[in-house]
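Trainee: Following this message is one structure expressed as structure tokens.
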Amino acid sequence: MKYLVILCDGMADSRDNKFLGGKTPMEKAKKPNMDALASSGEVGICKTVADGLKPGSDVANLSVMGYDPAVCYTGRSPLEAASIGVELKDTDVALRCNIVTLSDEENYNDKTMVDYCAGDISTEEAREIIKTVEEHFGNEIYKFYPGVAYRHCLIVNGGTTELGEMTPPHDISGRVIGEYLSDNENAKPLIELMKKSYDLLKNHPVNLERIKKGERPANSIWLWGEGRKPSLQNFKEKFGISGTVISAVDLLKGIGICAEMDVPDVVGATGYLDTNFDGKVEAAKKAFEGGSDLVYLHFEAPDECGHRGEAENKVKAIEIIDQKVVGEMVRYFGDDDYRILIMPDHPTPLNTKTHSAKPVPYLIYDSTKKQNGVATFTEETAERTGMFVEHGPDIMKKLIGVK
């Protein structure tokens, strides 16, 4: 039996968005392959974010992967650090270091979060930005590491996670940032780094060139997602099968690395609509052919479109996944025995542009056991079935058939 998870990050939404005529992107999208599986599979809803936890992709993906965040979660950035190749000491604290676009008001607190991803800055440009940040601010306490696109990492030697509210930048798009800067005493040196970075980066050669081309500058760092060295049980020891994680983002790669799963790199994987969908599918096939029992195939594009309020692009992302991923993988499996789980990790509603903790729809198709399912895979049809996985990590057990 082969097991495939197609994780459509942030795909779920609500009908009260103002863009799609009272429909969610899942309802609007043409997705014949998902719908065909739903007609013969199990469809329901799953609570991936437990009460008391924030609905981040870290918590939600750990849950879908079968790990209980209430037990094993130590913060987002340590997982990303693992992907970058950073060896954390027990005394280290890791933070996500976004490079963002802020407006140009003189007072830092008065600036607006124009773009949490600095205009889709390229990894090559971003490395030059982080190199400059490290040269000016790096020392025996602070060490900056480049990641992918706008996502990078700061390691604080002897740091603390008691920082107050370090707000994710994608939660405050278009808002004045002052009220979202932590006033915790421990966070003050980090907030000061953010403020100093604006003066350092506003005239950086990379940014001057981007402005000349009409692109948004990466004119500030933004620190959040603090945490300590993670510890996840080996995936194969936990579930008795081998696994591979395929993703464009360091967070998912880091979870895979910490769980001792295979984590191949895919050239051209970006986490947005321009990602290398075909390359990721080929990597999944190669993983199965190399002996992997389960492949966790993660796509960030629906989530990114949700954060940006891009309704039509979110619909497009779902349609591309359906055509290029779901359809192609079903053809690849052919007459083999396989099970597919398709679901988002959390909703990223277009009207709020940030994550929600609301339960999400799931679809499990078993090629050996056809069922009477639903005509189409949407939030509403999933809820109507009455199937409810209350403890998120149980969804992995349900997929692979273990108690």
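We name chains A, B, ... following the order of the structure tokens; residues begin at 1 in each chain, and ligands are numbered from 1 as shown.
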Region 370-373 of chain A: which residues within 6 Å, counting only C-alpha atoms, same-chain residues fewer than 5 positions away excluded, as JSON, numbers by chain?
Mentor: {"A": [38, 39, 40, 41, 42]}
Trainee: Could you pull the residues within 12 Å of Gly392 (chain A), counting only C-alpha atoms, minus those fewer than 5 positions along the same chain, as a tab-separated table (two decimals) with N, CA, C and O atoms, in the first residue's frame?
Mentor:
chain	number	residue	atom	x	y	z
A	45	ILE	N	-14.61	16.51	8.37
A	45	ILE	CA	-13.84	17.65	8.84
A	45	ILE	C	-12.92	17.22	9.97
A	45	ILE	O	-13.19	16.25	10.68
A	46	CYS	N	-11.82	17.95	10.11
A	46	CYS	CA	-10.78	17.60	11.07
A	46	CYS	C	-10.35	18.86	11.82
A	46	CYS	O	-10.10	19.90	11.21
A	47	LYS	N	-10.23	18.74	13.12
A	47	LYS	CA	-9.78	19.85	13.96
A	47	LYS	C	-8.26	19.77	14.09
A	47	LYS	O	-7.74	19.06	14.96
A	48	THR	N	-7.55	20.49	13.25
A	48	THR	CA	-6.10	20.41	13.23
A	48	THR	C	-5.43	21.32	14.26
A	48	THR	O	-4.25	21.15	14.57
A	49	VAL	N	-6.17	22.30	14.77
A	49	VAL	CA	-5.62	23.24	15.76
A	49	VAL	C	-6.39	23.06	17.06
A	49	VAL	O	-7.57	23.43	17.15
A	50	ALA	N	-5.73	22.51	18.05
A	50	ALA	CA	-6.39	22.26	19.34
A	50	ALA	C	-6.68	23.57	20.06
A	50	ALA	O	-6.04	24.60	19.83
A	51	ASP	N	-7.66	23.53	20.94
A	51	ASP	CA	-8.01	24.70	21.74
A	51	ASP	C	-6.78	25.20	22.49
A	51	ASP	O	-6.00	24.42	23.05
A	59	VAL	N	1.86	24.34	13.82
A	59	VAL	CA	0.97	23.53	14.65
A	59	VAL	C	0.08	22.64	13.78
A	59	VAL	O	-0.09	21.44	14.04
A	60	ALA	N	-0.50	23.21	12.74
A	60	ALA	CA	-1.47	22.47	11.92
A	60	ALA	C	-0.83	21.35	11.13
A	60	ALA	O	-1.38	20.25	11.02
A	61	ASN	N	0.35	21.60	10.54
A	61	ASN	CA	1.01	20.53	9.78
A	61	ASN	C	1.57	19.44	10.69
A	61	ASN	O	1.55	18.26	10.32
A	62	LEU	N	2.08	19.80	11.86
A	62	LEU	CA	2.48	18.77	12.81
A	62	LEU	C	1.29	17.85	13.11
A	62	LEU	O	1.43	16.63	13.15
A	63	SER	N	0.14	18.46	13.29
A	63	SER	CA	-1.07	17.71	13.60
A	63	SER	C	-1.44	16.75	12.47
A	63	SER	O	-1.67	15.57	12.70
A	64	VAL	N	-1.46	17.27	11.23
A	64	VAL	CA	-1.80	16.40	10.09
A	64	VAL	C	-0.77	15.28	9.94
A	64	VAL	O	-1.11	14.15	9.57
A	65	MET	N	0.48	15.57	10.27
A	65	MET	CA	1.53	14.57	10.14
A	65	MET	C	1.50	13.54	11.26
A	65	MET	O	2.30	12.59	11.28
A	66	GLY	N	0.58	13.73	12.21
A	66	GLY	CA	0.40	12.73	13.25
A	66	GLY	C	1.09	13.03	14.56
A	66	GLY	O	1.11	12.18	15.46
A	67	TYR	N	1.61	14.24	14.71
A	67	TYR	CA	2.30	14.63	15.95
A	67	TYR	C	1.40	15.57	16.74
A	67	TYR	O	0.81	16.49	16.17
A	68	ASP	N	1.34	15.37	18.04
A	68	ASP	CA	0.50	16.20	18.89
A	68	ASP	C	1.27	17.46	19.29
A	68	ASP	O	2.21	17.40	20.08
A	69	PRO	N	0.90	18.63	18.75
A	69	PRO	CA	1.62	19.86	19.07
A	69	PRO	C	1.62	20.20	20.56
A	69	PRO	O	2.56	20.82	21.06
A	70	ALA	N	0.56	19.78	21.26
A	70	ALA	CA	0.49	20.05	22.70
A	70	ALA	C	1.62	19.35	23.45
A	70	ALA	O	2.01	19.77	24.55
A	343	MET	N	-6.24	17.55	2.02
A	343	MET	CA	-6.82	18.47	2.99
A	343	MET	C	-5.94	19.71	3.13
A	343	MET	O	-4.76	19.68	2.77
A	344	PRO	N	-6.47	20.80	3.64
A	344	PRO	CA	-5.64	21.92	4.07
A	344	PRO	C	-5.18	21.68	5.50
A	344	PRO	O	-5.71	20.80	6.19
A	345	ASP	N	-4.20	22.46	5.94
A	345	ASP	CA	-3.80	22.39	7.34
A	345	ASP	C	-4.69	23.27	8.20
A	345	ASP	O	-5.00	22.95	9.34
A	346	HIS	N	-5.10	24.40	7.67
A	346	HIS	CA	-5.96	25.36	8.34
A	346	HIS	C	-6.63	26.21	7.27
A	346	HIS	O	-6.16	26.25	6.13
A	357	ALA	N	-8.55	29.00	13.10
A	357	ALA	CA	-8.46	27.72	13.81
A	357	ALA	C	-9.64	26.81	13.51
A	357	ALA	O	-9.75	25.72	14.07
A	358	LYS	N	-10.52	27.22	12.61
A	358	LYS	CA	-11.72	26.44	12.30
A	358	LYS	C	-11.34	25.08	11.72
A	358	LYS	O	-10.38	24.97	10.95
A	359	PRO	N	-12.06	24.02	12.07
A	359	PRO	CA	-11.79	22.70	11.47
A	359	PRO	C	-11.85	22.75	9.94
A	359	PRO	O	-12.58	23.55	9.36
A	360	VAL	N	-11.09	21.86	9.32
A	360	VAL	CA	-10.93	21.88	7.86
A	360	VAL	C	-11.50	20.61	7.22
A	360	VAL	O	-11.59	19.56	7.86
A	361	PRO	N	-11.88	20.69	5.96
A	361	PRO	CA	-12.37	19.49	5.26
A	361	PRO	C	-11.24	18.54	4.93
A	361	PRO	O	-10.11	18.96	4.66
A	362	TYR	N	-11.53	17.25	4.99
A	362	TYR	CA	-10.55	16.25	4.55
A	362	TYR	C	-11.22	15.24	3.64
A	362	TYR	O	-12.43	15.04	3.67
A	397	LYS	N	-3.38	8.49	11.57
A	397	LYS	CA	-3.72	7.11	11.94
A	397	LYS	C	-4.86	6.60	11.06
A	397	LYS	O	-4.87	5.45	10.63
A	398	LYS	N	-5.82	7.47	10.80
A	398	LYS	CA	-6.96	7.09	9.96
A	398	LYS	C	-6.49	6.77	8.54
A	398	LYS	O	-6.96	5.80	7.92
Trainee: Could you tell me which of A:Val148, A:Ala248, A:Ile141, A:Val114 comes closest to His170 (chain A) if we count only C-alpha atoms?
Mentor: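 Nearest to His170 (chain A): A:Val114.
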Trainee: Excluding region 151-157 of chain A and its own-chain neighbours fewer than 3 positions away, which residues fall within 8 Å of it when counting only C-alpha atoms? Please give them as a list in words.
Mentor: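 The contact residues come out as Ser77, Glu80, Ala81, Thr91, Asp92, Val93, Ala94, Leu95, Arg96, Cys97, Asn98, Ile99, Ile130, Glu140, Ile141, Tyr142, Lys143, Phe144, Tyr145, Pro146, Gly147, Val148 and Leu223 of chain A.
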Trainee: List every residue of region 85-197 of chain A that DSSP, applied to the backbone of this structure, places in strand (DSSP E), and write the result as a ChimeraX atom specification.
Mentor: /A:92-102,113-115,142-148,151-157
Trainee: Compile the contact shell of Leu294 (chain A) as an mmCIF file with C-alpha atoms, in the first residue's frame: residues with an atom at most 8 Å away, counting only C-alpha atoms, same-chain residues fewer than 2 positions apart removed.
Mentor:
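The resulting out.cif:
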data_model
loop_
_atom_site.group_PDB
_atom_site.id
_atom_site.type_symbol
_atom_site.label_atom_id
_atom_site.label_comp_id
_atom_site.auth_asym_id
_atom_site.auth_seq_id
_atom_site.Cartn_x
_atom_site.Cartn_y
_atom_site.Cartn_z
ATOM 1 C CA LYS A 2 1.236 3.462 -0.924
ATOM 2 C CA TYR A 3 0.123 6.492 1.098
ATOM 3 C CA LEU A 4 -0.002 10.034 -0.286
ATOM 4 C CA VAL A 5 -0.875 13.241 1.539
ATOM 5 C CA ILE A 241 6.212 3.111 7.616
ATOM 6 C CA SER A 242 8.866 5.220 5.918
ATOM 7 C CA GLY A 243 8.062 8.769 4.869
ATOM 8 C CA THR A 244 9.158 11.620 2.604
ATOM 9 C CA PHE A 288 7.793 5.980 -3.973
ATOM 10 C CA SER A 292 9.114 5.385 0.603
ATOM 11 C CA TYR A 296 3.692 14.233 2.268
#
